[in-house]
Structures are given as structure tokens and as C-alpha cells.
>>> print(open('my_file04.pdb').read())   # PDB, C-alpha atoms, pLDDT in the B column
ATOM      1  CA  MET A   1     174.352 -42.732 -55.529  1.00 85.00           C
ATOM      2  CA  VAL A   2     172.610 -39.460 -56.296  1.00 83.00           C
ATOM      3  CA  ARG A   3     169.971 -40.113 -53.633  1.00 89.00           C
ATOM      4  CA  GLU A   4     172.527 -41.003 -50.991  1.00 90.00           C
ATOM      5  CA  GLY A   5     174.668 -38.026 -51.965  1.00 89.00           C
ATOM      6  CA  PHE A   6     171.839 -35.564 -51.422  1.00 90.00           C
ATOM      7  CA  SER A   7     170.932 -37.319 -48.189  1.00 93.00           C
ATOM      8  CA  ALA A   8     174.490 -36.983 -46.883  1.00 94.00           C
ATOM      9  CA  ILE A   9     174.624 -33.272 -47.755  1.00 94.00           C
ATOM     10  CA  LEU A  10     171.346 -32.533 -45.970  1.00 95.00           C
ATOM     11  CA  ALA A  11     171.975 -34.766 -42.958  1.00 95.00           C
ATOM     12  CA  VAL A  12     175.020 -32.793 -41.799  1.00 96.00           C
ATOM     13  CA  GLN A  13     173.108 -29.501 -41.664  1.00 96.00           C
ATOM     14  CA  PRO A  14     172.402 -28.519 -38.043  1.00 95.00           C
ATOM     15  CA  ASP A  15     168.851 -27.410 -38.841  1.00 95.00           C
ATOM     16  CA  MET A  16     167.852 -30.426 -40.949  1.00 95.00           C
ATOM     17  CA  GLU A  17     167.025 -34.072 -40.384  1.00 95.00           C
ATOM     18  CA  VAL A  18     166.736 -36.655 -43.148  1.00 96.00           C
ATOM     19  CA  VAL A  19     163.682 -38.734 -42.221  1.00 93.00           C
ATOM     20  CA  GLY A  20     164.082 -41.226 -45.056  1.00 94.00           C
ATOM     21  CA  THR A  21     164.823 -41.845 -48.714  1.00 94.00           C
ATOM     22  CA  ALA A  22     162.779 -43.503 -51.450  1.00 94.00           C
ATOM     23  CA  ALA A  23     163.864 -45.255 -54.644  1.00 92.00           C
ATOM     24  CA  ASP A  24     160.590 -44.736 -56.526  1.00 93.00           C
ATOM     25  CA  GLY A  25     157.259 -42.954 -56.362  1.00 93.00           C
ATOM     26  CA  PHE A  26     155.465 -45.734 -54.495  1.00 94.00           C
ATOM     27  CA  GLN A  27     158.081 -45.668 -51.740  1.00 94.00           C
ATOM     28  CA  ALA A  28     157.815 -41.877 -51.580  1.00 94.00           C
ATOM     29  CA  VAL A  29     154.043 -42.039 -51.077  1.00 94.00           C
ATOM     30  CA  ARG A  30     154.400 -44.715 -48.376  1.00 94.00           C
ATOM     31  CA  LEU A  31     157.081 -42.678 -46.601  1.00 94.00           C
ATOM     32  CA  ALA A  32     154.861 -39.601 -46.625  1.00 93.00           C
ATOM     33  CA  GLN A  33     152.042 -41.693 -45.145  1.00 91.00           C
ATOM     34  CA  SER A  34     154.149 -43.136 -42.351  1.00 91.00           C
ATOM     35  CA  SER A  35     156.363 -40.200 -41.339  1.00 88.00           C
ATOM     36  CA  PRO A  36     155.706 -36.510 -40.647  1.00 89.00           C
ATOM     37  CA  LEU A  37     157.611 -34.691 -43.391  1.00 93.00           C
ATOM     38  CA  ASP A  38     158.207 -30.966 -43.820  1.00 94.00           C
ATOM     39  CA  VAL A  39     159.968 -30.890 -47.195  1.00 95.00           C
ATOM     40  CA  ILE A  40     160.331 -33.521 -49.914  1.00 95.00           C
ATOM     41  CA  LEU A  41     162.947 -33.421 -52.677  1.00 94.00           C
ATOM     42  CA  MET A  42     161.129 -35.239 -55.469  1.00 94.00           C
ATOM     43  CA  ASP A  43     162.724 -36.520 -58.654  1.00 91.00           C
ATOM     44  CA  ILE A  44     160.540 -36.659 -61.778  1.00 88.00           C
ATOM     45  CA  ARG A  45     161.892 -39.709 -63.610  1.00 86.00           C
ATOM     46  CA  MET A  46     161.633 -42.726 -61.299  1.00 87.00           C
ATOM     47  CA  PRO A  47     160.700 -46.402 -61.777  1.00 86.00           C
ATOM     48  CA  GLN A  48     157.247 -47.737 -60.859  1.00 87.00           C
ATOM     49  CA  MET A  49     155.725 -44.264 -60.387  1.00 92.00           C
ATOM     50  CA  ASP A  50     157.097 -40.904 -61.499  1.00 91.00           C
ATOM     51  CA  GLY A  51     157.545 -37.971 -59.161  1.00 92.00           C
ATOM     52  CA  LEU A  52     154.630 -35.940 -60.506  1.00 91.00           C
ATOM     53  CA  GLU A  53     152.139 -38.743 -59.837  1.00 93.00           C
ATOM     54  CA  ALA A  54     153.694 -39.367 -56.408  1.00 94.00           C
ATOM     55  CA  MET A  55     153.304 -35.671 -55.594  1.00 93.00           C
ATOM     56  CA  ARG A  56     149.645 -35.700 -56.632  1.00 92.00           C
ATOM     57  CA  ARG A  57     148.960 -38.751 -54.443  1.00 93.00           C
ATOM     58  CA  ILE A  58     150.743 -37.231 -51.451  1.00 92.00           C
ATOM     59  CA  PHE A  59     148.710 -34.045 -51.729  1.00 89.00           C
ATOM     60  CA  ALA A  60     145.505 -36.053 -52.229  1.00 89.00           C
ATOM     61  CA  GLU A  61     146.230 -37.891 -48.960  1.00 85.00           C
ATOM     62  CA  HIS A  62     146.606 -34.634 -47.052  1.00 80.00           C
ATOM     63  CA  GLY A  63     143.784 -32.713 -48.723  1.00 67.00           C
ATOM     64  CA  ALA A  64     143.666 -29.155 -47.398  1.00 56.00           C
ATOM     65  CA  ASP A  65     145.845 -30.060 -44.399  1.00 65.00           C
ATOM     66  CA  ALA A  66     148.111 -27.107 -43.584  1.00 64.00           C
ATOM     67  CA  ASP A  67     150.730 -29.583 -42.381  1.00 76.00           C
ATOM     68  CA  ALA A  68     151.056 -31.231 -45.789  1.00 83.00           C
ATOM     69  CA  PRO A  69     154.694 -31.560 -46.850  1.00 91.00           C
ATOM     70  CA  ARG A  70     156.038 -28.985 -49.272  1.00 91.00           C
ATOM     71  CA  ILE A  71     157.650 -30.476 -52.367  1.00 93.00           C
ATOM     72  CA  ILE A  72     160.684 -29.340 -54.349  1.00 92.00           C
ATOM     73  CA  ILE A  73     161.004 -30.981 -57.753  1.00 89.00           C
ATOM     74  CA  LEU A  74     164.646 -31.906 -58.280  1.00 85.00           C
ATOM     75  CA  THR A  75     165.565 -33.203 -61.716  1.00 79.00           C
ATOM     76  CA  THR A  76     167.953 -33.128 -64.640  1.00 77.00           C
ATOM     77  CA  PHE A  77     165.060 -32.226 -66.906  1.00 67.00           C
ATOM     78  CA  ASP A  78     164.063 -28.572 -67.364  1.00 62.00           C
ATOM     79  CA  ALA A  79     161.482 -28.914 -70.141  1.00 64.00           C
ATOM     80  CA  ASP A  80     158.650 -26.404 -69.801  1.00 61.00           C
ATOM     81  CA  ASP A  81     155.989 -29.116 -69.563  1.00 67.00           C
ATOM     82  CA  TYR A  82     157.622 -30.524 -66.435  1.00 74.00           C
ATOM     83  CA  VAL A  83     157.951 -27.090 -64.858  1.00 74.00           C
ATOM     84  CA  PHE A  84     154.383 -25.995 -65.466  1.00 71.00           C
ATOM     85  CA  THR A  85     152.840 -29.351 -64.608  1.00 77.00           C
ATOM     86  CA  ALA A  86     154.774 -29.543 -61.342  1.00 80.00           C
ATOM     87  CA  LEU A  87     153.849 -26.008 -60.316  1.00 76.00           C
ATOM     88  CA  ARG A  88     150.201 -26.429 -61.228  1.00 75.00           C
ATOM     89  CA  ASP A  89     150.052 -29.612 -59.179  1.00 81.00           C
ATOM     90  CA  GLY A  90     151.321 -27.844 -56.080  1.00 82.00           C
ATOM     91  CA  ALA A  91     155.139 -27.995 -56.073  1.00 86.00           C
ATOM     92  CA  SER A  92     156.758 -25.219 -54.055  1.00 85.00           C
ATOM     93  CA  GLY A  93     160.054 -25.268 -55.917  1.00 82.00           C
ATOM     94  CA  PHE A  94     161.861 -26.577 -58.967  1.00 83.00           C
ATOM     95  CA  LEU A  95     165.628 -27.121 -59.040  1.00 84.00           C
ATOM     96  CA  LEU A  96     167.967 -28.800 -61.479  1.00 82.00           C
ATOM     97  CA  LYS A  97     170.308 -31.499 -60.200  1.00 82.00           C
ATOM     98  CA  ASP A  98     173.327 -29.446 -61.204  1.00 83.00           C
ATOM     99  CA  ALA A  99     172.383 -26.794 -58.646  1.00 83.00           C
ATOM    100  CA  ALA A 100     175.206 -25.828 -56.309  1.00 87.00           C
ATOM    101  CA  VAL A 101     175.012 -27.175 -52.755  1.00 91.00           C
ATOM    102  CA  PRO A 102     174.281 -23.740 -51.209  1.00 91.00           C
ATOM    103  CA  GLU A 103     171.432 -23.301 -53.708  1.00 87.00           C
ATOM    104  CA  LEU A 104     169.960 -26.668 -52.729  1.00 89.00           C
ATOM    105  CA  LEU A 105     170.197 -25.935 -49.010  1.00 92.00           C
ATOM    106  CA  ASN A 106     168.712 -22.483 -49.478  1.00 89.00           C
ATOM    107  CA  ALA A 107     165.799 -23.972 -51.426  1.00 88.00           C
ATOM    108  CA  VAL A 108     164.983 -26.397 -48.613  1.00 92.00           C
ATOM    109  CA  ARG A 109     165.069 -23.614 -46.026  1.00 90.00           C
ATOM    110  CA  VAL A 110     163.029 -21.176 -48.130  1.00 84.00           C
ATOM    111  CA  VAL A 111     160.344 -23.755 -48.888  1.00 87.00           C
ATOM    112  CA  HIS A 112     160.256 -24.960 -45.278  1.00 87.00           C
ATOM    113  CA  GLU A 113     159.566 -21.396 -44.153  1.00 82.00           C
ATOM    114  CA  GLY A 114     156.597 -21.193 -46.505  1.00 77.00           C
ATOM    115  CA  GLY A 115     158.293 -19.576 -49.477  1.00 73.00           C
ATOM    116  CA  ALA A 116     158.656 -20.802 -53.020  1.00 72.00           C
ATOM    117  CA  LEU A 117     161.668 -21.096 -55.273  1.00 74.00           C
ATOM    118  CA  LEU A 118     162.455 -21.662 -58.939  1.00 70.00           C
ATOM    119  CA  ALA A 119     165.916 -22.200 -60.358  1.00 67.00           C
ATOM    120  CA  PRO A 120     166.961 -18.856 -61.887  1.00 63.00           C
ATOM    121  CA  SER A 121     167.806 -20.546 -65.195  1.00 65.00           C
ATOM    122  CA  ILE A 122     164.271 -21.919 -65.415  1.00 66.00           C
ATOM    123  CA  THR A 123     162.619 -18.582 -64.637  1.00 62.00           C
ATOM    124  CA  GLN A 124     164.765 -16.744 -67.159  1.00 60.00           C
ATOM    125  CA  ARG A 125     164.153 -19.284 -69.930  1.00 61.00           C
ATOM    126  CA  VAL A 126     160.409 -19.370 -69.370  1.00 59.00           C
ATOM    127  CA  ILE A 127     160.202 -15.566 -69.451  1.00 54.00           C
ATOM    128  CA  ALA A 128     162.263 -15.519 -72.654  1.00 57.00           C
ATOM    129  CA  ASP A 129     159.953 -18.124 -74.178  1.00 57.00           C
ATOM    130  CA  TYR A 130     156.882 -16.018 -73.508  1.00 52.00           C
ATOM    131  CA  ALA A 131     158.575 -12.823 -74.669  1.00 50.00           C
ATOM    132  CA  ALA A 132     159.352 -14.523 -77.985  1.00 54.00           C
ATOM    133  CA  ASP A 133     155.718 -15.622 -78.387  1.00 54.00           C
ATOM    134  CA  PRO A 134     153.551 -12.859 -76.921  1.00 47.00           C
ATOM    135  CA  GLU A 135     150.290 -14.376 -78.168  1.00 51.00           C
ATOM    136  CA  ARG A 136     150.842 -17.575 -76.215  1.00 48.00           C
ATOM    137  CA  LYS A 137     148.590 -17.717 -73.177  1.00 47.00           C
ATOM    138  CA  TRP A 138     147.728 -20.369 -70.648  1.00 42.00           C
ATOM    139  CA  THR A 139     144.005 -20.252 -70.009  1.00 44.00           C
ATOM    140  CA  PRO A 140     142.836 -21.805 -66.736  1.00 41.00           C
ATOM    141  CA  SER A 141     140.104 -24.386 -67.314  1.00 41.00           C
ATOM    142  CA  ASP A 142     137.530 -26.041 -65.138  1.00 46.00           C
ATOM    143  CA  ASP A 143     136.958 -29.801 -65.027  1.00 47.00           C
ATOM    144  CA  SER A 144     134.937 -29.658 -68.252  1.00 45.00           C
ATOM    145  CA  GLY A 145     137.855 -28.132 -70.123  1.00 45.00           C
ATOM    146  CA  GLN A 146     136.039 -24.796 -70.598  1.00 45.00           C
ATOM    147  CA  PRO A 147     137.996 -21.616 -69.874  1.00 42.00           C
ATOM    148  CA  ARG A 148     137.288 -20.163 -66.449  1.00 47.00           C
ATOM    149  CA  SER A 149     135.954 -16.605 -66.430  1.00 53.00           C
ATOM    150  CA  ASP A 150     136.884 -15.808 -62.839  1.00 74.00           C
ATOM    151  CA  ALA A 151     140.623 -15.265 -63.361  1.00 76.00           C
ATOM    152  CA  ALA A 152     140.225 -11.866 -65.038  1.00 77.00           C
ATOM    153  CA  ALA A 153     137.692 -10.787 -62.424  1.00 82.00           C
ATOM    154  CA  ALA A 154     140.065 -11.844 -59.630  1.00 86.00           C
ATOM    155  CA  TYR A 155     142.930  -9.928 -61.236  1.00 88.00           C
ATOM    156  CA  ASP A 156     140.732  -6.824 -61.450  1.00 88.00           C
ATOM    157  CA  THR A 157     140.278  -6.897 -57.667  1.00 91.00           C
ATOM    158  CA  LEU A 158     143.964  -6.035 -57.302  1.00 93.00           C
ATOM    159  CA  THR A 159     144.961  -2.418 -56.996  1.00 95.00           C
ATOM    160  CA  GLU A 160     147.216  -0.953 -59.667  1.00 93.00           C
ATOM    161  CA  ARG A 161     150.177  -1.245 -57.294  1.00 95.00           C
ATOM    162  CA  GLU A 162     149.355  -4.884 -56.514  1.00 95.00           C
ATOM    163  CA  GLN A 163     149.118  -5.656 -60.224  1.00 92.00           C
ATOM    164  CA  GLY A 164     152.560  -4.139 -60.703  1.00 93.00           C
ATOM    165  CA  VAL A 165     153.993  -6.234 -57.875  1.00 94.00           C
ATOM    166  CA  LEU A 166     152.387  -9.377 -59.325  1.00 93.00           C
ATOM    167  CA  GLN A 167     153.927  -8.751 -62.722  1.00 88.00           C
ATOM    168  CA  LEU A 168     157.371  -8.238 -61.196  1.00 89.00           C
ATOM    169  CA  ILE A 169     157.030 -11.486 -59.225  1.00 86.00           C
ATOM    170  CA  ALA A 170     156.198 -13.187 -62.527  1.00 81.00           C
ATOM    171  CA  ALA A 171     159.368 -11.668 -63.975  1.00 76.00           C
ATOM    172  CA  GLY A 172     161.416 -13.387 -61.263  1.00 72.00           C
ATOM    173  CA  ARG A 173     162.118 -10.366 -59.055  1.00 79.00           C
ATOM    174  CA  SER A 174     162.755 -10.773 -55.320  1.00 80.00           C
ATOM    175  CA  ASN A 175     161.009  -8.577 -52.744  1.00 85.00           C
ATOM    176  CA  ALA A 176     164.128  -6.441 -52.438  1.00 85.00           C
ATOM    177  CA  GLU A 177     164.327  -5.976 -56.227  1.00 87.00           C
ATOM    178  CA  ILE A 178     160.618  -5.129 -56.419  1.00 91.00           C
ATOM    179  CA  GLY A 179     161.052  -2.569 -53.665  1.00 92.00           C
ATOM    180  CA  ALA A 180     163.976  -0.943 -55.448  1.00 93.00           C
ATOM    181  CA  GLU A 181     162.109  -0.816 -58.774  1.00 93.00           C
ATOM    182  CA  LEU A 182     158.868   0.556 -57.321  1.00 94.00           C
ATOM    183  CA  PHE A 183     160.518   2.717 -54.623  1.00 94.00           C
ATOM    184  CA  LEU A 184     158.879   0.751 -51.814  1.00 94.00           C
ATOM    185  CA  ALA A 185     160.218  -0.501 -48.501  1.00 93.00           C
ATOM    186  CA  GLU A 186     160.624  -4.283 -48.426  1.00 89.00           C
ATOM    187  CA  PRO A 187     158.016  -4.714 -45.618  1.00 91.00           C
ATOM    188  CA  THR A 188     155.553  -2.826 -47.842  1.00 95.00           C
ATOM    189  CA  VAL A 189     156.282  -5.216 -50.705  1.00 92.00           C
ATOM    190  CA  LYS A 190     155.624  -8.159 -48.378  1.00 90.00           C
ATOM    191  CA  THR A 191     152.284  -6.618 -47.444  1.00 94.00           C
ATOM    192  CA  HIS A 192     151.351  -6.287 -51.119  1.00 95.00           C
ATOM    193  CA  VAL A 193     152.353  -9.910 -51.746  1.00 92.00           C
ATOM    194  CA  SER A 194     150.193 -11.075 -48.836  1.00 90.00           C
ATOM    195  CA  ARG A 195     147.214  -9.149 -50.183  1.00 94.00           C
ATOM    196  CA  ILE A 196     147.727 -10.580 -53.669  1.00 94.00           C
ATOM    197  CA  LEU A 197     147.758 -14.108 -52.266  1.00 90.00           C
ATOM    198  CA  GLN A 198     144.608 -13.435 -50.267  1.00 90.00           C
ATOM    199  CA  LYS A 199     142.666 -11.773 -53.091  1.00 92.00           C
ATOM    200  CA  LEU A 200     143.590 -14.410 -55.682  1.00 90.00           C
ATOM    201  CA  ASP A 201     143.229 -17.308 -53.218  1.00 86.00           C
ATOM    202  CA  LEU A 202     146.760 -18.503 -53.967  1.00 83.00           C
ATOM    203  CA  ARG A 203     149.143 -20.374 -51.666  1.00 76.00           C
ATOM    204  CA  ASP A 204     152.532 -18.832 -52.396  1.00 76.00           C
ATOM    205  CA  ARG A 205     154.720 -16.912 -54.856  1.00 79.00           C
ATOM    206  CA  THR A 206     155.024 -19.921 -57.133  1.00 73.00           C
ATOM    207  CA  GLN A 207     151.274 -19.956 -57.651  1.00 78.00           C
ATOM    208  CA  ILE A 208     151.431 -16.229 -58.414  1.00 84.00           C
ATOM    209  CA  VAL A 209     153.905 -17.037 -61.205  1.00 78.00           C
ATOM    210  CA  VAL A 210     151.607 -19.774 -62.548  1.00 76.00           C
ATOM    211  CA  PHE A 211     148.606 -17.414 -62.412  1.00 83.00           C
ATOM    212  CA  ALA A 212     150.544 -14.802 -64.385  1.00 83.00           C
ATOM    213  CA  TYR A 213     151.629 -17.309 -67.056  1.00 75.00           C
ATOM    214  CA  GLU A 214     148.148 -18.762 -67.377  1.00 73.00           C
ATOM    215  CA  ASN A 215     146.559 -15.384 -67.892  1.00 77.00           C
ATOM    216  CA  GLY A 216     149.023 -13.836 -70.328  1.00 73.00           C
ATOM    217  CA  LEU A 217     150.555 -11.406 -67.838  1.00 72.00           C
ATOM    218  CA  VAL A 218     154.193 -12.307 -68.477  1.00 58.00           C
ATOM    219  CA  ARG A 219     154.392 -10.104 -71.533  1.00 50.00           C
ATOM    220  CA  SER A 220     153.351  -7.117 -69.431  1.00 40.00           C
ATOM    221  CA  ALA A 221     155.959  -8.017 -66.813  1.00 39.00           C
ATOM    222  CA  GLY A 222     158.697  -7.905 -69.413  1.00 40.00           C
ATOM    223  CA  ARG A 223     157.946  -4.402 -70.614  1.00 40.00           C
TER     224      ARG A 223
END
>>> encode(input="my_file04.pdb", output="C-alpha cells")
Amino acid sequence: MVREGFSAILAVQPDMEVVGTAADGFQAVRLAQSSPLDVILMDIRMPQMDGLEAMRRIFAEHGADADAPRIIILTTFDADDYVFTALRDGASGFLLKDAAVPELLNAVRVVHEGGALLAPSITQRVIADYAADPERKWTPSDDSGQPRSDAAAAYDTLTEREQGVLQLIAAGRSNAEIGAELFLAEPTVKTHVSRILQKLDLRDRTQIVVFAYENGLVRSAGR
């Protein structure tokens, strides 16, 4: 019922087409193999194969293909482990199933246009969690499990202004809010964001947030 309900909501939008639905992760992977998809709403808890594994397999099929579908994790669960795992594995958004219909539709459109989106409640709770435990850091690791040394060097390539913009993105600010706080025009903020993505070799704003969490930058963003 939930799956069909979401399908019905999306299908009546003039700028959207529902290509198909899947009851489990295996069906989702097969659908992504057989149909050109732009955006996938992926549940986490599913029979046969969960949504996180399905997402990993879909991305593995596409490799570095720029036309790979963008995935929004849609779930009733908002535990931090799910959020961080999904974002690290390449999700472009994370919404709870109790999101309002306009929020769901906006998420699909934002992600389709190349943006990224987190439910505000998730962003706020994660920031609060890190503020309460300032020594907690997520250290990026290579395949051997050893901490990578390139993250700090990459961060140092950013200008002071770009570092400030990155920290505000990590704090959940929009481009308009960043512009107002730093007294910058919104197009200038967009330029800074583009340069941050290029210098850090990141795909989108969501990966900027992950980078900030992994390298202990959230505490600075909250000051």
C-alpha cells in the first residue's frame, strides 16, 4: 500500500513519470538494469535484499556513468548508522516516510536536477549529536582500514572563504542562508560550492556534509 501510494502521488505530477515499482531489493536492481531511471526512491528495510545493498549493486552496475540513477533513501528509520551508511554509499537524499507530500516532490525534483537533500529533522539531530560529543570524529579510511592522510591536505587547498562555506553547508544552511550570513550574493555562493566540489573531488552537497562529518568539521560549523 505504501509503495502504490507513493507511486500514485508521483504519477500525477506533470513533470514526472513512474517507470516501475519494486517489492524488494532484487526487483529494484533488475528494474534499474532494464529501464533508464533518473531517480529512485529506495526503502531500507525490504525482504530478500535491503535497500542499501540494492543501492550499492545499482551503482556498481553503472560504475562512473554520469547517467547513473540518483537515489533518495525513503524510510521510517532515522538512526544515524542508516543515514551515514546511505550517504557514504552514494545516496543523494534521505527522507522519512512521514515527510509531507510537497517535501517528497521537492526532493525528487532537487535530486533530479543534480542537487542533494536531507530531511531537516535528520540534519538537525545529527548536528546536535556532534555538538554534544565534540571529540567524536569520522576518519576516512582506505581499503586496509588505515586512516587516509589526504583529507586534511584536500581541505587545506580550500580558501578561507571556501572553508567557511563548507562548514555552513555541513550545518544545513541553504545557499541563500549562506549568502545572508557571509554577506555574499547567491550566485557567488554557488561558485564557491562548485569550487569546493572540484577541489575535494566530491559529487554534490551531500558528499560535502559527509566529508565535514568524517573530518571533525561539524563542531566548527556550529560555533
>>> atom_distance(input="my_file04.pdb", atom1="CA of Pro14 (chain A)", atom2="CA of Gly90 (chain A)")
27.8 Å
>>> atom_distance(input="my_file04.pdb", atom1="CA of Leu87 (chain A)", atom2="CA of Leu184 (chain A)")
28.5 Å
>>> resolve_selection(input="my_file04.pdb", expression="the PyMOL selection byres ((chain A and resi 51) around 12)", output="MDAnalysis selection string")
chainID A and resid 22:29 40:50 52:58 71:75 82 85:86 89 91
>>> closest_residue(input="my_file04.pdb", among="A:Val18, A:Glu177, A:Ile196, A:Thr191", to="Glu160 (chain A)", atoms="only C-alpha atoms")
A:Ile196
>>> resolve_selection(input="my_file04.pdb", expression="the PyMOL selection byres ((chain A and resi 204) around 12)", output="count of residues only")
34
>>> closest_residue(input="my_file04.pdb", among="A:Val165, A:Ala154, A:Ala170, A:Leu105", to="Met16 (chain A)", atoms="only C-alpha atoms")
A:Leu105
>>> atom_distance(input="my_file04.pdb", atom1="CA of Ile9 (chain A)", atom2="CA of His62 (chain A)")
28.1 Å
>>> closest_residue(input="my_file04.pdb", among="A:Pro69, A:Ala60, A:Val101, A:Ala180", to="Gly5 (chain A)", atoms="all atoms listed in the file")
A:Val101
>>> axis_aligned_box(input="my_file04.pdb", around="region 29-45 of chain A", padding_each_side="6 Å", output="lines of an AutoDock Vina configuration file")
center_x = 157.5
center_y = -37.8
center_z = -52.1
size_x = 22.9
size_y = 25.8
size_z = 35.0
>>> closest_residue(input="my_file04.pdb", among="A:Phe6, A:Phe183, A:Tyr213, A:Tyr155", to="Lys97 (chain A)", atoms="only C-alpha atoms")
A:Phe6
>>> residues_around(input="my_file04.pdb", residues="Glu17 (chain A)", least_positions_apart="5", cutoff="12 Å", atoms="all atoms listed in the file", output="ChimeraX atom specification")
/A:7-12,36-40,108
>>> closest_residue(input="my_file04.pdb", among="A:Val2, A:Gln163, A:Glu186, A:Glu214", to="Asp98 (chain A)", atoms="all atoms listed in the file")
A:Val2
>>> closest_residue(input="my_file04.pdb", among="A:Leu95, A:Ser35, A:Gly216, A:Asp150", to="Ala68 (chain A)", atoms="all atoms listed in the file")
A:Ser35
